[in-house]
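Chemist: Here you go, model_25.csv (CSV, C-alpha atoms):
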```csv
chain,number,residue,atom,x,y,z
A,1,MET,CA,-13.7,7.0,-0.6
A,2,ASN,CA,-13.0,6.7,-4.3
A,3,THR,CA,-13.0,3.1,-5.3
A,4,GLY,CA,-13.5,3.9,-8.9
A,5,ASN,CA,-9.8,3.8,-9.6
A,6,LYS,CA,-8.8,0.7,-11.5
A,7,GLN,CA,-5.2,1.1,-10.2
A,8,LYS,CA,-4.9,1.2,-6.4
A,9,ARG,CA,-2.9,4.1,-5.0
A,10,VAL,CA,-0.5,4.3,-2.1
A,11,LEU,CA,0.5,7.6,-0.6
A,12,LEU,CA,4.1,7.5,0.6
A,13,VAL,CA,4.6,10.3,3.2
A,14,ILE,CA,8.1,11.5,4.0
A,15,SER,CA,9.6,14.1,6.3
A,16,SER,CA,10.8,17.5,5.2
A,17,VAL,CA,13.3,17.8,8.1
A,18,ASP,CA,17.0,17.3,7.5
A,19,GLU,CA,18.5,18.0,10.9
A,20,MET,CA,18.1,16.6,14.4
A,21,GLY,CA,16.9,19.6,16.4
A,22,ILE,CA,19.9,21.7,17.4
A,23,SER,CA,22.4,18.8,17.4
A,24,GLY,CA,23.6,19.8,13.9
A,25,LYS,CA,23.3,16.1,12.9
A,26,GLN,CA,22.0,15.6,9.3
A,27,THR,CA,19.0,13.4,9.0
A,28,GLY,CA,16.0,12.8,6.7
A,29,THR,CA,14.3,9.7,5.5
A,30,TRP,CA,16.1,6.3,5.8
A,31,PHE,CA,16.9,5.5,2.2
A,32,THR,CA,15.9,1.8,1.9
A,33,GLU,CA,12.6,2.5,3.7
A,34,LEU,CA,11.7,4.8,0.8
A,35,ALA,CA,13.3,2.7,-2.0
A,36,ALA,CA,12.0,-0.8,-1.0
A,37,PRO,CA,8.3,0.2,-0.8
A,38,TYR,CA,8.6,2.3,-4.0
A,39,TYR,CA,9.7,-0.7,-6.0
A,40,ILE,CA,7.7,-3.4,-4.3
A,41,LEU,CA,4.5,-1.5,-4.5
A,42,THR,CA,4.9,-0.2,-8.1
A,43,GLU,CA,5.9,-3.6,-9.3
A,44,ALA,CA,2.8,-5.1,-7.6
A,45,GLY,CA,0.8,-2.7,-9.9
A,46,TYR,CA,0.1,0.1,-7.6
A,47,GLU,CA,0.6,3.8,-8.1
A,48,VAL,CA,2.9,5.3,-5.5
A,49,VAL,CA,2.8,9.1,-4.8
A,50,PHE,CA,5.5,10.7,-2.7
A,51,ALA,CA,4.3,13.5,-0.4
A,52,SER,CA,5.9,15.6,2.3
A,53,PRO,CA,4.8,18.5,4.5
A,54,ALA,CA,6.9,21.1,2.6
A,55,GLY,CA,6.7,19.4,-0.8
A,56,GLY,CA,9.7,19.4,-3.2
A,57,ASP,CA,13.0,17.9,-2.4
A,58,ALA,CA,12.6,15.5,0.6
A,59,PRO,CA,15.9,15.0,2.4
A,60,ILE,CA,17.4,11.5,2.6
A,61,ASP,CA,19.6,10.6,5.6
A,62,LEU,CA,23.2,10.6,4.4
A,63,LEU,CA,24.2,7.7,6.7
A,64,SER,CA,21.6,5.6,5.0
A,65,MET,CA,23.2,6.2,1.6
A,66,LYS,CA,26.5,4.6,2.7
A,67,ALA,CA,27.5,1.0,3.3
A,68,PRO,CA,26.6,-1.0,5.3
A,69,PHE,CA,23.1,0.6,5.1
A,70,THR,CA,22.6,0.5,1.4
A,71,THR,CA,20.5,-2.3,-0.3
A,72,PRO,CA,19.8,-3.4,-3.8
A,73,PHE,CA,16.7,-1.2,-3.6
A,74,THR,CA,18.8,1.9,-2.8
A,75,ASP,CA,21.3,1.2,-5.5
A,76,ARG,CA,18.5,0.8,-8.0
A,77,PHE,CA,16.8,4.0,-6.8
A,78,LEU,CA,20.0,6.1,-7.1
A,79,ALA,CA,20.4,4.9,-10.7
A,80,ASP,CA,16.7,5.5,-11.6
A,81,PRO,CA,16.0,9.0,-12.9
A,82,VAL,CA,12.2,8.6,-12.5
A,83,ALA,CA,12.5,7.5,-8.9
A,84,MET,CA,15.0,10.3,-8.1
A,85,PHE,CA,12.8,12.9,-9.8
A,86,ALA,CA,9.9,11.7,-7.6
A,87,ALA,CA,11.9,12.1,-4.4
A,88,ARG,CA,13.1,15.6,-5.4
A,89,ASN,CA,9.6,16.7,-6.4
A,90,THR,CA,7.3,15.4,-3.7
A,91,ARG,CA,3.8,16.6,-3.6
A,92,LYS,CA,2.8,19.0,-0.8
A,93,LEU,CA,0.8,16.9,1.6
A,94,ARG,CA,-1.8,19.5,2.4
A,95,ASN,CA,-2.7,19.9,-1.3
A,96,ILE,CA,-3.5,16.2,-1.7
A,97,ASN,CA,-7.0,14.7,-1.6
A,98,THR,CA,-6.1,11.7,0.6
A,99,ASP,CA,-9.6,10.2,0.0
A,100,THR,CA,-8.3,9.0,-3.4
A,101,PHE,CA,-5.7,6.7,-1.9
A,102,ASP,CA,-6.2,3.1,-0.8
A,103,ALA,CA,-3.3,2.9,1.7
A,104,VAL,CA,-0.6,5.1,3.2
A,105,PHE,CA,3.0,4.1,3.9
A,106,PHE,CA,5.3,6.1,6.2
A,107,PRO,CA,9.1,5.3,5.9
A,108,GLY,CA,11.2,6.0,8.9
A,109,GLY,CA,14.3,8.1,9.6
A,110,TYR,CA,14.8,10.6,12.4
A,111,GLY,CA,13.5,13.7,10.6
A,112,LEU,CA,9.8,12.8,11.1
A,113,LEU,CA,10.1,13.1,14.9
A,114,TRP,CA,10.4,16.9,14.2
A,115,ASP,CA,7.6,17.3,11.7
A,116,LEU,CA,5.2,14.5,10.9
A,117,ALA,CA,4.8,13.4,14.5
A,118,SER,CA,3.3,16.8,15.5
A,119,ASP,CA,1.6,17.6,12.2
A,120,SER,CA,-2.2,18.0,12.6
A,121,PHE,CA,-2.8,17.2,9.0
A,122,VAL,CA,-0.9,13.9,9.4
A,123,VAL,CA,-2.7,13.1,12.6
A,124,LYS,CA,-6.0,13.6,10.9
A,125,LEU,CA,-4.9,11.6,7.9
A,126,ILE,CA,-4.1,8.6,10.1
A,127,ARG,CA,-7.4,9.0,11.9
A,128,ASP,CA,-9.3,9.1,8.6
A,129,PHE,CA,-7.5,6.0,7.1
A,130,HIS,CA,-8.1,4.1,10.4
A,131,ALA,CA,-11.8,5.0,10.5
A,132,SER,CA,-12.3,4.0,6.8
A,133,GLN,CA,-10.3,0.8,7.4
A,134,ARG,CA,-7.6,1.6,4.8
A,135,PRO,CA,-4.1,0.1,5.6
A,136,ILE,CA,-1.6,2.3,7.5
A,137,ALA,CA,2.0,1.0,7.1
A,138,MET,CA,4.8,2.5,9.2
A,139,VAL,CA,8.4,1.3,9.5
A,140,CYS,CA,11.3,2.1,11.9
A,141,HIS,CA,10.7,5.5,13.6
A,142,ALA,CA,7.5,6.2,11.7
A,143,PRO,CA,5.2,4.6,14.3
A,144,ALA,CA,6.3,7.5,16.5
A,145,ILE,CA,3.8,9.5,14.5
A,146,LEU,CA,1.0,7.6,16.3
A,147,ARG,CA,1.9,9.2,19.6
A,148,ASP,CA,-0.8,11.8,19.5
A,149,VAL,CA,-3.4,10.2,17.3
A,150,LYS,CA,-6.8,9.7,19.0
A,151,LYS,CA,-9.9,7.9,17.8
A,152,ALA,CA,-13.3,9.5,17.7
A,153,ASP,CA,-14.0,8.2,21.3
A,154,GLY,CA,-11.0,10.1,22.6
A,155,ASP,CA,-8.9,7.0,23.3
A,156,TYR,CA,-5.4,6.8,21.8
A,157,LEU,CA,-5.4,4.9,18.6
A,158,VAL,CA,-2.6,2.7,19.8
A,159,LYS,CA,-4.3,1.7,23.1
A,160,GLY,CA,-4.4,-2.1,23.2
A,161,VAL,CA,-3.0,-2.4,19.7
A,162,LYS,CA,-0.1,-4.7,18.9
A,163,LEU,CA,2.7,-2.9,17.1
A,164,THR,CA,6.4,-2.4,16.8
A,165,GLY,CA,8.9,0.3,15.8
A,166,PHE,CA,12.5,1.3,16.3
A,167,LYS,CA,13.5,0.3,19.9
A,168,ASN,CA,15.6,2.2,22.4
A,169,ALA,CA,18.3,-0.4,22.2
A,170,GLU,CA,18.7,0.3,18.5
A,171,ASP,CA,18.9,4.0,19.0
A,172,ASN,CA,21.4,3.5,21.8
A,173,GLU,CA,23.6,1.3,19.5
A,174,ILE,CA,24.0,4.1,17.1
A,175,GLU,CA,24.4,6.6,19.9
A,176,LEU,CA,21.5,8.7,19.0
A,177,LEU,CA,19.0,8.2,21.8
A,178,ASP,CA,20.2,11.4,23.5
A,179,HIS,CA,19.7,13.5,20.4
A,180,LEU,CA,16.1,12.5,19.8
A,181,LEU,CA,13.0,14.6,20.6
A,182,PHE,CA,11.4,11.6,22.3
A,183,SER,CA,11.6,7.8,22.5
A,184,LEU,CA,9.2,5.9,20.3
A,185,GLU,CA,9.2,2.8,22.5
A,186,ASP,CA,8.5,4.7,25.7
A,187,GLU,CA,5.9,7.0,24.3
A,188,LEU,CA,3.8,4.3,22.6
A,189,LYS,CA,4.0,2.0,25.6
A,190,GLY,CA,2.9,5.0,27.7
A,191,ARG,CA,-0.2,5.4,25.4
A,192,GLY,CA,-1.2,1.8,26.1
A,193,ALA,CA,0.3,0.1,23.0
A,194,ASP,CA,1.3,-3.6,23.1
A,195,TYR,CA,4.8,-2.9,21.9
A,196,VAL,CA,6.6,-6.0,20.5
A,197,SER,CA,10.2,-6.1,19.5
A,198,LYS,CA,12.8,-8.6,18.3
A,199,ALA,CA,16.6,-8.5,18.5
A,200,ASN,CA,18.2,-5.4,17.2
A,201,TRP,CA,18.0,-4.9,13.4
A,202,GLU,CA,16.1,-8.1,12.8
A,203,PRO,CA,13.1,-8.0,10.4
A,204,ASN,CA,9.9,-7.8,12.4
A,205,VAL,CA,6.5,-7.0,11.0
A,206,ILE,CA,3.4,-6.8,13.1
A,207,VAL,CA,-0.2,-6.4,11.7
A,208,ASP,CA,-3.1,-5.5,13.9
A,209,GLY,CA,-6.2,-4.6,12.0
A,210,VAL,CA,-5.4,-1.8,9.5
A,211,LEU,CA,-2.2,-0.9,11.3
A,212,MET,CA,0.9,-2.5,9.9
A,213,THR,CA,4.3,-1.8,11.5
A,214,GLY,CA,7.9,-2.8,11.0
A,215,GLN,CA,10.7,-2.5,13.6
A,216,SER,CA,13.8,-1.3,11.8
A,217,PRO,CA,15.2,-0.9,8.2
A,218,ALA,CA,15.3,-4.6,7.6
A,219,SER,CA,11.5,-4.6,8.0
A,220,ALA,CA,10.9,-2.2,5.2
A,221,ALA,CA,10.8,-4.7,2.4
A,222,PRO,CA,8.7,-7.4,4.2
A,223,LEU,CA,6.3,-4.6,5.4
A,224,ALA,CA,5.9,-3.4,1.8
A,225,GLU,CA,5.3,-7.0,0.6
A,226,ALA,CA,2.6,-7.4,3.3
A,227,LEU,CA,0.9,-4.2,2.2
A,228,ALA,CA,1.0,-5.2,-1.4
A,229,GLN,CA,-0.7,-8.6,-0.6
A,230,ARG,CA,-3.2,-6.8,1.6
A,231,LEU,CA,-4.2,-4.5,-1.2
A,232,GLN,CA,-4.7,-7.4,-3.6
A,233,GLY,CA,-7.2,-8.9,-1.1
```
Write the structure described by the file as structure tokens, please.
Modeler:
Amino acid sequence: MNTGNKQKRVLLVISSVDEMGISGKQTGTWFTELAAPYYILTEAGYEVVFASPAGGDAPIDLLSMKAPFTTPFTDRFLADPVAMFAARNTRKLRNINTDTFDAVFFPGGYGLLWDLASDSFVVKLIRDFHASQRPIAMVCHAPAILRDVKKADGDYLVKGVKLTGFKNAEDNEIELLDHLLFSLEDELKGRGADYVSKANWEPNVIVDGVLMTGQSPASAAPLAEALAQRLQG
């Protein structure tokens, strides 16, 4: 791992998918889960690089661009030409040397269930970061990406690990559970994870070793803050 960088670097990985399977529903990355870590981490002095499987313009969930889901972070991002340029010109994930990064952050949104969760490059990336003890931060639906990640010994990475993520009751509340490829809560529990949730939409950040997870959009900012502090240490 390259520790010669004076400035620590965070790879922020977002989905390239903008529709929920064949439902016709538009999706993408949940906006505040991209905007909050971008500002919190850059202002803490870290370099943030956006990457996605396809590279280029990464779709943002339209619902998350409207009230009541907007936040001061999203308002600021929309008015920030540098941030918007970065989101429209994401690096192609496979072209990146992930060894040069000190941490990885996965925002949520539904798109990732269709690409990141079954991407062998992403699975290997998480395994590598875990093995080298570099922080892996994931919020909302992003922990679903852990479903198929195994450690070198063949055990699921989440087995016996305390974590959180978007819960079935939250999916149900916005009437989307039936449209999803799979349930994050059910799959991770099935892999042996110690899944811990709070009331719907409440901030909830769980840290277990290098894995740092947040339950829903309100957890994006506190999760990014926790990662920023962790990188200082």
Chemist: Can you tell me how far CA of Val139 in chain A sits from CA of Asn204 in chain A, in Å to one decimal?
Modeler: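 Those two atoms sit 9.7 Å apart.
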Chemist: Smallest atom-to-atom distance to Trp114 in chain A: which of A:Ala199, A:Ile145, A:Phe50, A:Gly55, using all atoms listed in the file?
Modeler: A:Ile145
Chemist: Given all atoms listed in the file as the basis, pick out the residue of A:Lys6, A:Arg94, A:Arg147, A:Arg88 nearest to Leu113 in chain A.
Modeler: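 Smallest separation from Leu113 in chain A among the options: A:Arg147.
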Chemist: Would you please work out which residue, of A:Tyr195, A:Phe166, A:Tyr46, A:Phe182, is nearest to Leu231 in chain A when using only C-alpha atoms?
Modeler: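 When distances to Leu231 in chain A are compared using only C-alpha atoms, the smallest one comes from A:Tyr46.
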Chemist: Write out as a ChimeraX atom specification the residues lying within 8 Å of Leu227 in chain A, counting all atoms listed in the file and excluding same-chain residues fewer than 2 positions away.
Modeler: /A:135,137,212,223-225,229-231
Chemist: Interatomic distance between CA of Ala58 in chain A and CA of Ser16 in chain A?
Modeler: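 Separating CA of Ala58 in chain A from CA of Ser16 in chain A is a distance of 5.3 Å.
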Chemist: Ranking A:Ile136, A:Ala144, A:Ala221, A:Leu112 by minimum distance to Gly190 in chain A and counting all atoms listed in the file, which one comes first?
Modeler: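 Looking only at the distances to Gly190 in chain A, the closest residue turns out to be A:Ala144.
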